[in-house]
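File shown: entry.csv (CSV, C-alpha atoms).
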chain,number,residue,atom,x,y,z
A,1,MET,CA,41.2,-15.3,-47.3
A,2,ALA,CA,39.5,-16.6,-50.5
A,3,GLU,CA,36.9,-18.5,-48.4
A,4,ALA,CA,36.0,-15.4,-46.3
A,5,PRO,CA,33.0,-14.3,-48.5
A,6,VAL,CA,31.5,-17.8,-48.6
A,7,LEU,CA,32.1,-18.3,-44.9
A,8,ALA,CA,30.5,-14.9,-44.2
A,9,GLU,CA,27.4,-16.0,-46.2
A,10,GLU,CA,27.2,-19.3,-44.3
A,11,ILE,CA,27.5,-17.5,-40.9
A,12,LEU,CA,24.8,-15.0,-41.7
A,13,HIS,CA,22.5,-17.7,-43.0
A,14,GLU,CA,22.9,-19.6,-39.7
A,15,ILE,CA,22.4,-16.5,-37.6
A,16,ARG,CA,19.2,-15.6,-39.5
A,17,ARG,CA,18.0,-19.2,-39.0
A,18,GLU,CA,18.7,-18.9,-35.3
A,19,TYR,CA,17.3,-15.3,-35.0
A,20,PRO,CA,14.6,-15.0,-37.7
A,21,HIS,CA,13.4,-11.7,-36.3
A,22,LEU,CA,16.8,-10.0,-36.8
A,23,PRO,CA,16.2,-6.9,-38.9
A,24,VAL,CA,18.0,-6.6,-42.2
A,25,VAL,CA,19.8,-3.3,-42.5
A,26,LEU,CA,21.3,-2.4,-45.9
A,27,ASP,CA,24.4,-0.2,-46.5
A,28,ASP,CA,24.6,2.4,-49.2
A,29,SER,CA,25.4,-0.3,-51.8
A,30,GLY,CA,22.3,-2.3,-50.9
A,31,GLU,CA,24.3,-5.1,-49.2
A,32,PRO,CA,23.3,-6.3,-45.7
A,33,MET,CA,25.4,-4.5,-43.1
A,34,ALA,CA,25.6,-7.7,-41.1
A,35,LEU,CA,27.2,-9.5,-44.0
A,36,VAL,CA,29.7,-6.7,-44.6
A,37,GLY,CA,30.6,-6.8,-40.9
A,38,ILE,CA,31.1,-10.6,-40.7
A,39,ARG,CA,33.2,-10.6,-43.9
A,40,ARG,CA,35.4,-7.7,-42.7
A,41,ALA,CA,35.8,-9.4,-39.3
A,42,ILE,CA,36.9,-12.7,-40.9
A,43,GLU,CA,39.3,-10.9,-43.4
A,44,VAL,CA,41.0,-8.9,-40.6
A,45,PHE,CA,41.3,-12.0,-38.4
A,46,VAL,CA,42.8,-14.1,-41.2
A,47,GLN,CA,45.1,-11.3,-42.2
A,48,HIS,CA,46.4,-11.2,-38.6
A,49,LEU,CA,47.0,-15.0,-38.7
A,50,GLU,CA,49.0,-14.6,-41.9
A,51,THR,CA,51.2,-11.8,-40.7
A,52,ALA,CA,51.2,-12.7,-36.9
A,53,GLU,CA,51.8,-9.0,-36.2
A,54,GLY,CA,50.4,-7.8,-32.9
A,55,ARG,CA,46.7,-8.1,-32.0
A,56,PRO,CA,44.1,-8.3,-34.8
A,57,ARG,CA,42.8,-4.7,-35.4
A,58,VAL,CA,39.0,-4.4,-35.3
A,59,HIS,CA,37.6,-1.9,-37.8
A,60,PRO,CA,35.1,0.0,-35.5
A,61,GLU,CA,32.6,1.5,-37.9
A,62,VAL,CA,30.4,-1.5,-38.6
A,63,PHE,CA,30.4,-3.0,-35.1
A,64,GLN,CA,29.9,0.4,-33.4
A,65,GLU,CA,26.9,0.9,-35.8
A,66,PHE,CA,25.5,-2.5,-34.7
A,67,GLY,CA,25.7,-1.3,-31.1
A,68,ARG,CA,24.1,2.1,-32.0
A,69,GLY,CA,21.3,0.2,-33.7
A,70,GLU,CA,20.5,-1.8,-30.6
A,71,GLY,CA,20.5,1.3,-28.4
A,72,LEU,CA,18.4,3.4,-30.8
A,73,HIS,CA,15.8,0.6,-30.9
A,74,GLY,CA,15.6,0.2,-27.2
A,75,ARG,CA,17.1,-3.3,-27.2
A,76,SER,CA,19.8,-4.7,-24.9
A,77,LEU,CA,23.2,-5.9,-26.1
A,78,ASP,CA,22.5,-9.4,-24.9
A,79,ALA,CA,21.1,-10.6,-28.2
A,80,LEU,CA,23.9,-9.0,-30.2
A,81,GLN,CA,26.6,-10.6,-28.0
A,82,ALA,CA,24.8,-14.0,-28.5
A,83,ILE,CA,25.0,-13.5,-32.2
A,84,TYR,CA,28.7,-12.7,-32.0
A,85,ARG,CA,29.3,-15.8,-30.0
A,86,LEU,CA,27.4,-17.9,-32.6
A,87,GLY,CA,29.4,-16.3,-35.4
A,88,VAL,CA,32.7,-17.1,-33.7
A,89,ARG,CA,31.6,-20.7,-33.0
A,90,LEU,CA,30.7,-21.2,-36.7
A,91,ALA,CA,33.9,-19.6,-37.8
A,92,TRP,CA,36.0,-21.7,-35.4
A,93,ARG,CA,34.3,-24.8,-36.8
A,94,ARG,CA,35.5,-23.9,-40.3
A,95,PHE,CA,39.0,-23.0,-39.0
A,96,ALA,CA,39.2,-26.3,-37.3
A,97,GLU,CA,38.3,-28.1,-40.5
A,98,ILE,CA,41.0,-26.2,-42.4
A,99,GLY,CA,43.5,-26.9,-39.5
A,100,GLN,CA,42.9,-30.6,-39.8
A,101,ARG,CA,43.2,-30.4,-43.6
A,102,VAL,CA,46.6,-28.7,-43.5
A,103,GLU,CA,47.7,-30.5,-40.3
A,104,ILE,CA,48.2,-27.5,-38.0
A,105,PRO,CA,49.7,-28.7,-34.7
A,106,PRO,CA,47.4,-28.7,-31.7
A,107,PRO,CA,49.4,-26.0,-29.8
A,108,ALA,CA,48.9,-23.7,-32.7
A,109,MET,CA,45.2,-24.4,-32.8
A,110,TYR,CA,44.9,-23.6,-29.1
A,111,GLU,CA,46.6,-20.2,-29.8
A,112,LEU,CA,44.1,-19.8,-32.6
A,113,VAL,CA,41.2,-20.3,-30.3
A,114,ASP,CA,42.6,-17.8,-27.8
A,115,ALA,CA,43.1,-15.2,-30.5
A,116,GLY,CA,39.6,-15.8,-31.8
A,117,TYR,CA,38.0,-15.1,-28.4
A,118,GLU,CA,40.3,-12.1,-27.8
A,119,TYR,CA,39.1,-10.8,-31.2
A,120,LEU,CA,35.5,-11.4,-30.1
A,121,ASP,CA,36.1,-9.2,-27.0
A,122,GLY,CA,37.2,-6.5,-29.3
A,123,LEU,CA,34.1,-6.7,-31.5
A,124,VAL,CA,31.9,-6.6,-28.4
A,125,ASP,CA,33.8,-3.6,-27.0
A,126,GLN,CA,33.2,-1.6,-30.2
A,127,SER,CA,29.5,-2.5,-30.1
A,128,VAL,CA,29.3,-1.4,-26.5
A,129,ARG,CA,30.9,1.9,-27.4
A,130,GLY,CA,28.3,2.4,-30.1
A,131,TYR,CA,25.5,1.4,-27.8
A,132,ALA,CA,26.7,3.8,-25.1
A,133,GLU,CA,26.9,6.6,-27.6
A,134,ALA,CA,23.4,6.0,-28.8
A,135,ALA,CA,22.1,5.8,-25.3
A,136,ALA,CA,23.7,9.1,-24.3
A,137,ARG,CA,22.4,10.7,-27.5
A,138,GLN,CA,18.9,9.5,-26.8
A,139,ALA,CA,19.1,10.6,-23.1
A,140,GLY,CA,20.2,14.0,-24.2
A,141,GLU,CA,17.4,14.3,-26.8
A,142,ARG,CA,14.8,13.2,-24.3
A,143,LEU,CA,16.1,15.7,-21.7
A,144,ARG,CA,15.9,18.5,-24.3
A,145,LEU,CA,12.3,17.5,-25.3
A,146,GLN,CA,11.4,17.1,-21.6
A,147,ARG,CA,12.7,20.6,-20.8
A,148,ARG,CA,10.7,22.1,-23.7
A,149,LEU,CA,7.6,20.3,-22.5
A,150,MET,CA,8.1,21.7,-18.9
A,151,GLU,CA,8.6,25.2,-20.3
A,152,LEU,CA,5.3,24.9,-22.1
A,153,LEU,CA,3.5,23.4,-19.1
A,154,LEU,CA,4.8,26.1,-16.7
A,155,SER,CA,4.3,29.1,-18.9
A,156,GLU,CA,1.6,31.5,-18.0
A,157,HIS,CA,0.2,31.6,-21.5
A,158,PRO,CA,1.1,28.3,-23.1
A,159,GLN,CA,1.4,28.3,-26.9
A,160,GLY,CA,2.5,25.8,-29.4
A,161,PRO,CA,5.7,25.8,-31.4
A,162,ARG,CA,4.1,27.8,-34.2
A,163,GLY,CA,2.8,30.6,-32.0
A,164,LEU,CA,-0.5,31.7,-30.5
A,165,ARG,CA,-2.6,30.2,-33.3
A,166,ASP,CA,-2.0,26.8,-31.8
A,167,ASP,CA,-4.5,25.3,-29.3
A,168,PRO,CA,-2.6,25.1,-26.0
A,169,ALA,CA,-4.1,21.7,-25.2
A,170,ASP,CA,-3.0,20.4,-28.6
A,171,ALA,CA,0.4,21.9,-28.2
A,172,LEU,CA,0.8,20.2,-24.8
A,173,ALA,CA,-0.5,16.8,-26.2
A,174,GLU,CA,2.0,17.1,-29.1
A,175,ARG,CA,5.0,17.8,-26.9
A,176,ALA,CA,4.0,15.2,-24.3
A,177,ALA,CA,3.7,12.6,-27.1
A,178,ARG,CA,7.2,13.4,-28.4
A,179,VAL,CA,8.6,12.7,-24.9
A,180,GLY,CA,6.5,9.6,-24.5
A,181,TRP,CA,4.7,11.2,-21.5
A,182,PRO,CA,1.0,10.3,-21.2
A,183,LEU,CA,-0.8,13.6,-20.6
A,184,PRO,CA,-2.4,13.2,-17.2
A,185,ALA,CA,-5.7,14.6,-16.0
A,186,ARG,CA,-4.0,16.5,-13.1
A,187,VAL,CA,-0.5,17.5,-12.2
A,188,ALA,CA,1.3,19.1,-9.2
A,189,VAL,CA,4.4,21.2,-9.6
A,190,GLY,CA,7.2,21.1,-7.1
A,191,VAL,CA,10.1,23.5,-6.4
A,192,LEU,CA,13.1,22.0,-4.6
A,193,LEU,CA,15.9,23.5,-2.5
A,194,ARG,CA,19.2,21.8,-3.1
A,195,PRO,CA,20.7,20.2,0.0
A,196,ALA,CA,24.2,21.0,-1.5
A,197,ARG,CA,25.5,22.7,-4.7
A,198,GLU,CA,26.5,19.4,-6.3
A,199,ALA,CA,23.6,17.3,-5.0
A,200,VAL,CA,22.7,14.3,-7.1
A,201,ALA,CA,19.2,14.5,-8.7
A,202,PRO,CA,16.5,12.8,-6.6
A,203,ALA,CA,15.6,9.3,-7.9
A,204,VAL,CA,12.0,10.2,-8.8
A,205,ALA,CA,9.9,7.9,-11.0
A,206,GLN,CA,10.5,8.1,-14.8
A,207,GLU,CA,7.0,9.7,-15.3
A,208,VAL,CA,7.9,12.6,-13.0
A,209,LEU,CA,9.3,15.4,-15.1
A,210,LEU,CA,12.4,16.9,-13.5
A,211,ASP,CA,14.5,19.9,-14.5
A,212,MET,CA,17.7,20.2,-12.5
A,213,GLU,CA,19.1,23.1,-14.6
A,214,CYS,CA,17.2,25.7,-12.5
A,215,GLU,CA,18.8,27.3,-9.4
A,216,GLN,CA,15.8,25.8,-7.6
A,217,PRO,CA,15.0,22.5,-9.5
A,218,ARG,CA,11.4,22.0,-10.6
A,219,MET,CA,9.4,18.9,-11.1
A,220,VAL,CA,6.0,18.1,-12.6
A,221,VAL,CA,4.2,15.2,-10.8
A,222,PRO,CA,1.5,13.5,-12.9
A,223,GLU,CA,-1.6,12.3,-11.1
A,224,PRO,CA,-0.3,13.4,-7.6
A,225,ASP,CA,-3.3,11.8,-5.8
A,226,ALA,CA,-2.8,8.4,-7.4
A,227,ALA,CA,-2.4,5.5,-4.9
A,228,GLY,CA,1.1,5.2,-3.5
A,229,ARG,CA,2.4,8.4,-5.3
A,230,SER,CA,2.9,10.4,-2.1
A,231,GLU,CA,4.9,7.6,-0.4
A,232,LEU,CA,7.1,7.1,-3.5
A,233,LEU,CA,7.8,10.8,-3.7
A,234,HIS,CA,8.5,11.0,0.0
A,235,ARG,CA,11.2,8.3,-0.3
A,236,ALA,CA,12.7,9.7,-3.5
A,237,LEU,CA,13.0,13.2,-2.0
A,238,ALA,CA,14.6,12.2,1.3
A,239,GLY,CA,17.2,14.8,2.2
A,240,TRP,CA,15.6,17.4,-0.1
A,241,ALA,CA,13.5,20.4,0.9
A,242,GLY,CA,10.9,22.3,-1.0
A,243,ALA,CA,7.2,22.4,-1.7
A,244,ILE,CA,4.7,20.8,-4.1
A,245,GLY,CA,1.8,22.9,-5.3
A,246,PRO,CA,-1.8,21.9,-5.4
A,247,PRO,CA,-3.1,19.4,-8.0
A,248,VAL,CA,-4.4,21.2,-11.1
A,249,PRO,CA,-5.3,20.4,-14.8
A,250,PRO,CA,-2.1,20.4,-16.9
A,251,ALA,CA,-3.2,23.7,-18.6
A,252,ASP,CA,-3.1,25.3,-15.1
A,253,ALA,CA,0.3,24.0,-14.1
A,254,ALA,CA,1.7,27.5,-13.8
A,255,LYS,CA,-0.8,28.2,-10.9
A,256,SER,CA,0.5,25.1,-9.0
A,257,LEU,CA,4.1,26.4,-9.6
A,258,ARG,CA,3.2,29.8,-8.2
A,259,TRP,CA,1.9,28.3,-4.9
A,260,ALA,CA,5.0,26.1,-4.7
A,261,GLU,CA,7.3,29.1,-5.2
A,262,ALA,CA,5.3,31.0,-2.5
A,263,ALA,CA,5.7,28.2,-0.1
A,264,VAL,CA,9.4,28.0,-0.7
A,265,ARG,CA,9.8,31.7,0.0
A,266,LEU,CA,8.0,31.3,3.3
A,267,MET,CA,10.2,28.3,4.1
A,268,GLU,CA,13.3,30.5,3.5
A,269,ARG,CA,11.9,33.1,5.8
A,270,GLY,CA,11.3,30.5,8.6
A,271,LEU,CA,7.5,30.9,8.4
A,272,LEU,CA,7.0,27.3,7.2
A,273,PRO,CA,8.8,24.1,8.4
A,274,ALA,CA,12.2,23.7,6.6
A,275,GLY,CA,14.2,20.5,5.9
A,276,GLU,CA,11.4,18.6,4.1
A,277,VAL,CA,9.3,18.8,1.0
A,278,LEU,CA,5.9,20.2,2.0
A,279,LEU,CA,2.5,19.8,0.3
A,280,CYS,CA,0.9,23.2,-0.2
A,281,THR,CA,-2.5,21.7,0.4
A,282,GLU,CA,-1.5,21.0,4.0
A,283,HIS,CA,-0.5,24.6,4.6
A,284,THR,CA,-3.3,26.6,3.0
A,285,GLU,CA,-3.9,28.9,5.9
A,286,ALA,CA,-0.2,30.1,6.0
A,287,LEU,CA,-0.1,30.5,2.2
A,288,VAL,CA,-3.3,32.5,2.1
A,289,LEU,CA,-2.6,34.7,5.1
A,290,LEU,CA,1.1,35.3,4.8
A,291,GLN,CA,1.5,36.2,1.2
A,292,PRO,CA,-0.3,39.5,0.8
A,293,GLU,CA,1.8,41.1,3.5
A,294,GLU,CA,1.4,44.8,2.6
A,295,LEU,CA,-2.4,44.5,2.5
A,296,LEU,CA,-2.6,42.5,5.8
A,297,ASP,CA,-0.2,44.9,7.5
A,298,ASP,CA,-2.3,47.8,6.5
A,299,LEU,CA,-5.5,46.0,7.7
A,300,ALA,CA,-3.7,45.2,11.0
A,301,LEU,CA,-2.9,48.8,11.6
A,302,ARG,CA,-6.5,49.8,11.2
A,303,CYS,CA,-8.1,46.8,13.0
A,304,LEU,CA,-5.7,46.8,15.9
A,305,ALA,CA,-5.4,50.5,16.4
A,306,PRO,CA,-7.1,50.4,19.8
A,307,LEU,CA,-4.1,48.4,21.1
A,308,ALA,CA,-1.6,51.1,20.2
A,309,HIS,CA,-1.5,52.6,23.7
A,310,CYS,CA,-1.7,49.4,25.7
A,311,GLY,CA,2.0,48.6,25.8
A,312,PRO,CA,3.7,45.7,24.0
A,313,THR,CA,3.2,43.0,26.6
A,314,HIS,CA,-0.4,43.9,27.6
A,315,GLY,CA,-1.4,44.5,24.0
A,316,ARG,CA,-0.1,41.1,23.0
A,317,ARG,CA,-2.1,39.4,25.8
A,318,LEU,CA,-5.3,41.3,24.8
A,319,ALA,CA,-4.7,40.3,21.2
A,320,GLU,CA,-4.3,36.6,22.1
A,321,THR,CA,-7.4,36.7,24.3
A,322,LEU,CA,-9.4,38.4,21.5
A,323,LEU,CA,-8.3,35.8,19.0
A,324,ALA,CA,-9.2,32.9,21.3
A,325,TRP,CA,-12.6,34.5,21.9
A,326,LEU,CA,-13.2,34.9,18.2
A,327,GLU,CA,-12.2,31.3,17.5
A,328,THR,CA,-14.2,29.7,20.3
A,329,ARG,CA,-17.1,32.2,20.5
A,330,GLY,CA,-17.5,30.8,24.0
A,331,GLY,CA,-17.5,32.3,27.5
A,332,ALA,CA,-14.7,33.0,29.9
A,333,PRO,CA,-14.2,29.4,30.9
A,334,GLU,CA,-13.8,28.2,27.3
A,335,VAL,CA,-11.4,31.0,26.4
A,336,ALA,CA,-9.4,30.5,29.6
A,337,ALA,CA,-9.0,26.8,28.8
A,338,ARG,CA,-7.7,27.7,25.4
A,339,LEU,CA,-5.2,30.2,26.7
A,340,GLY,CA,-4.3,28.2,29.8
A,341,VAL,CA,-5.1,31.1,32.2
A,342,HIS,CA,-7.7,31.7,35.0
A,343,PRO,CA,-11.2,32.5,33.8
A,344,GLN,CA,-11.2,35.6,36.0
A,345,THR,CA,-8.2,36.9,34.0
A,346,VAL,CA,-10.1,36.3,30.8
A,347,ARG,CA,-13.2,38.2,32.1
A,348,TYR,CA,-10.9,41.2,33.0
A,349,ARG,CA,-9.4,41.2,29.5
A,350,LEU,CA,-12.7,40.8,27.7
A,351,ARG,CA,-14.1,43.8,29.5
A,352,GLN,CA,-11.0,45.8,28.3
A,353,ILE,CA,-11.5,44.5,24.8
A,354,ARG,CA,-15.2,45.6,24.9
A,355,GLU,CA,-14.1,49.1,26.1
A,356,LEU,CA,-11.4,49.4,23.4
A,357,TRP,CA,-13.5,48.2,20.4
A,358,GLY,CA,-17.0,48.8,21.6
A,359,ASP,CA,-19.8,47.4,19.5
A,360,GLU,CA,-17.4,46.8,16.6
A,361,VAL,CA,-16.6,43.3,18.0
A,362,ASP,CA,-20.3,42.4,17.4
A,363,ASP,CA,-20.1,43.3,13.7
A,364,PRO,CA,-19.6,40.0,11.6
A,365,ASP,CA,-17.4,41.8,9.0
A,366,ARG,CA,-15.2,43.4,11.7
A,367,ARG,CA,-14.8,40.2,13.6
A,368,PHE,CA,-13.8,38.5,10.4
A,369,GLU,CA,-11.1,41.1,9.7
A,370,LEU,CA,-9.8,40.9,13.3
A,371,GLU,CA,-9.6,37.2,13.2
A,372,LEU,CA,-7.8,37.4,9.8
A,373,VAL,CA,-5.1,39.7,11.0
A,374,LEU,CA,-4.7,38.0,14.3
A,375,ARG,CA,-4.3,34.6,12.7
A,376,ALA,CA,-1.7,36.0,10.4
A,377,GLN,CA,0.2,37.4,13.3
A,378,ARG,CA,0.1,34.1,15.1
A,379,LEU,CA,1.5,32.4,12.0
A,380,ARG,CA,4.4,34.9,11.9
A,381,GLY,CA,5.1,34.0,15.6
A,382,GLU,CA,4.0,37.5,16.8
A,383,LEU,CA,1.3,35.9,19.0
A,384,GLY,CA,1.5,32.8,21.2
A,385,GLU,CA,0.0,29.4,20.2
A,386,ALA,CA,-3.3,28.6,21.9
A,387,ARG,CA,-3.7,25.3,23.6
A,388,PRO,CA,-5.4,22.7,21.3
A,389,ARG,CA,-9.1,22.4,21.9
A,390,ARG,CA,-10.2,19.1,23.4
As structure tokens, what does this structure read like?
Amino acid sequence: MAEAPVLAEEILHEIRREYPHLPVVLDDSGEPMALVGIRRAIEVFVQHLETAEGRPRVHPEVFQEFGRGEGLHGRSLDALQAIYRLGVRLAWRRFAEIGQRVEIPPPAMYELVDAGYEYLDGLVDQSVRGYAEAAARQAGERLRLQRRLMELLLSEHPQGPRGLRDDPADALAERAARVGWPLPARVAVGVLLRPAREAVAPAVAQEVLLDMECEQPRMVVPEPDAAGRSELLHRALAGWAGAIGPPVPPADAAKSLRWAEAAVRLMERGLLPAGEVLLCTEHTEALVLLQPEELLDDLALRCLAPLAHCGPTHGRRLAETLLAWLETRGGAPEVAARLGVHPQTVRYRLRQIRELWGDEVDDPDRRFELELVLRAQRLRGELGEARPRR
């Protein structure tokens, strides 16, 4: 036991020679924590040898702190474990010298070696606990800061932590820096529908901000148009449904969120394809035409009033013919090909349309309104799909 301080100094000296970049952390008394840990480890182990009672008990504080330090500084435990092994090897060398000097029998020395490596496992175990604790703490802190960053990004009127006096751009840059998130030129905001209540979070890239605490999880995708980004998201979101809003500057992220939320509402109503994550930019027509329902319904009542007395089936056929004519601006053969009917049938319907609407179908503004409401009805499934133009 008397040699423990000297042996600790020698071990630390060798460790620092082997690992010159090892940081020196002092305890409250100004003594290197590594030296304190080595000395305590030797003293506890020697005390165990003297008493031979049970297994040597590791004092966890110092070695857990070593593990915490590695975790907080973003290092792995590999170097720390290598240092432990070096320390045990040096200590064993000294114990072997002492054993020869006092003529300890070989079987007893073998037991000493076994006990030493068992003791090493205990030291490593304590450091692993400290490391895991630090990693969990860091992950929790990053998650908290990330959530605050997303709140600021997705708020309608972004403001900094000190109130409206802050420049929103500065506030965003400040919070992004605290998370270690490079502020991108453009972002797209996604809204997800859980495939199951306890669904595991999708494995999106680290730079994608993800908030799973919402009923409908949200994510902020930086630089959504970057090469390969779409393919990576598609793979990561396999099995999920939802929508990703259009790319916008970070200050306008709330606008991208609104479009994504609108798309999800249409998916839930069966008006947009379900079972996948849609890009709003690929469904602009539906999002523009199906959202202002009250206004469009009112416009439809006024524009399509001439069909009120035609009967449901005939009225629908006339509406489909009118829309095909508005879209093609062609004659009966072109409209017939689009609808898959005989040209003579189209001529008959077009004469009826002219009788019902008169010169109004020649007015550009009225034609635009008619096409608007008829396209919306087709998107809702109230009109049949026209055949694709060749």
- Message: I need the residue nearest Asp121 (chain A) from this list: A:Leu145, A:Ala201, A:Val88, A:Leu370. Use only C-alpha atoms for the distance.
- Response: A:Val88
- Could you please give me, as a ChimeraX atom specification, the residues of protein, DNA or RNA lying at most 8 Å from (13.5, 17.6, -6.4) in the coordinate frame of the file, considering all atoms listed in the file? /A:190-194,201-202,204,210,212,217-219,237,240-242
- Item | For CA of Pro184 (chain A) and CA of Pro249 (chain A), the interatomic separation in Å (one decimal) |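 Pair CA of Pro184 (chain A) / CA of Pro249 (chain A) returns 8.1 Å.
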- What is the CA of Gln64 (chain A) to CA of Leu123 (chain A) distance in Å?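 CA of Gln64 (chain A) sits 8.5 Å away from CA of Leu123 (chain A).
Atom pair CA of Gly30 (chain A) / CA of Ile11 (chain A): separated by 18.9 Å.
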- Message: Using all atoms listed in the file, which protein or nucleic acid residues come within 7 Å of region 220-223 of chain A? Drop anything in the same chain fewer than 4 positions from it, and give the result as an NGL selection string.
- Response: :A and (184-190 or 208-210)
- Which neighbours of region 376-381 of chain A fall inside 7 Å, counting only C-alpha atoms, when residues of the same chain fewer than 5 positions from it are skipped, and could you give them as a ChimeraX atom specification? /A:271,286,289-290
- So, counting all atoms listed in the file, which residue among A:Ala203, A:Ala260, A:Ile15, A:Leu304 is closest to Gln216 (chain A)?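 Checking each of A:Ala203, A:Ala260, A:Ile15, A:Leu304 against Gln216 (chain A), counting all atoms listed in the file, the winner is A:Ala260.
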- Task: Go through A:Leu356, A:Val361, A:Ala205, A:Ala324 one by one, measure the shortest atom-to-atom distance of each to Ala236 (chain A) using only C-alpha atoms, and give the residue with the smallest value.
- Result: A:Ala205
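Residues with any atom within 7 Å of Pro343 (chain A), counting all atoms listed in the file and excluding same-chain neighbours fewer than 5 positions away, are Ala332, Pro333 and Ala336 of chain A.
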Keeping C-alpha atoms, export the residues of the selection given above as a PDB file, in the coordinates of the input.
ATOM      1  CA  ALA A 332     -14.700  33.000  29.900  1.00  0.00           C
ATOM      2  CA  PRO A 333     -14.200  29.400  30.900  1.00  0.00           C
ATOM      3  CA  ALA A 336      -9.400  30.500  29.600  1.00  0.00           C
TER       4      ALA A 336
END
- Message: Ranking A:Arg302, A:Arg16, A:Arg235, A:Arg316 by minimum distance to Arg366 (chain A) and counting only C-alpha atoms, which one comes first?
- Response: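 Result for the nearest residue to Arg366 (chain A): A:Arg302.
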- Find the residues near Gly331 (chain A): any atom within 12 Å, counting only C-alpha atoms, skip ones fewer than 5 places away on the same chain, and give them as a PyMOL selection string. chain A and resi 321-322+324-326+336-338+343-344+346-347+350
Kindly export the residues of the current selection with C-alpha atoms, as a CSV table (one decimal), keeping the file's coordinate frame.
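Contents of the output file part.csv:
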chain,number,residue,atom,x,y,z
A,321,THR,CA,-7.4,36.7,24.3
A,322,LEU,CA,-9.4,38.4,21.5
A,324,ALA,CA,-9.2,32.9,21.3
A,325,TRP,CA,-12.6,34.5,21.9
A,326,LEU,CA,-13.2,34.9,18.2
A,336,ALA,CA,-9.4,30.5,29.6
A,337,ALA,CA,-9.0,26.8,28.8
A,338,ARG,CA,-7.7,27.7,25.4
A,343,PRO,CA,-11.2,32.5,33.8
A,344,GLN,CA,-11.2,35.6,36.0
A,346,VAL,CA,-10.1,36.3,30.8
A,347,ARG,CA,-13.2,38.2,32.1
A,350,LEU,CA,-12.7,40.8,27.7
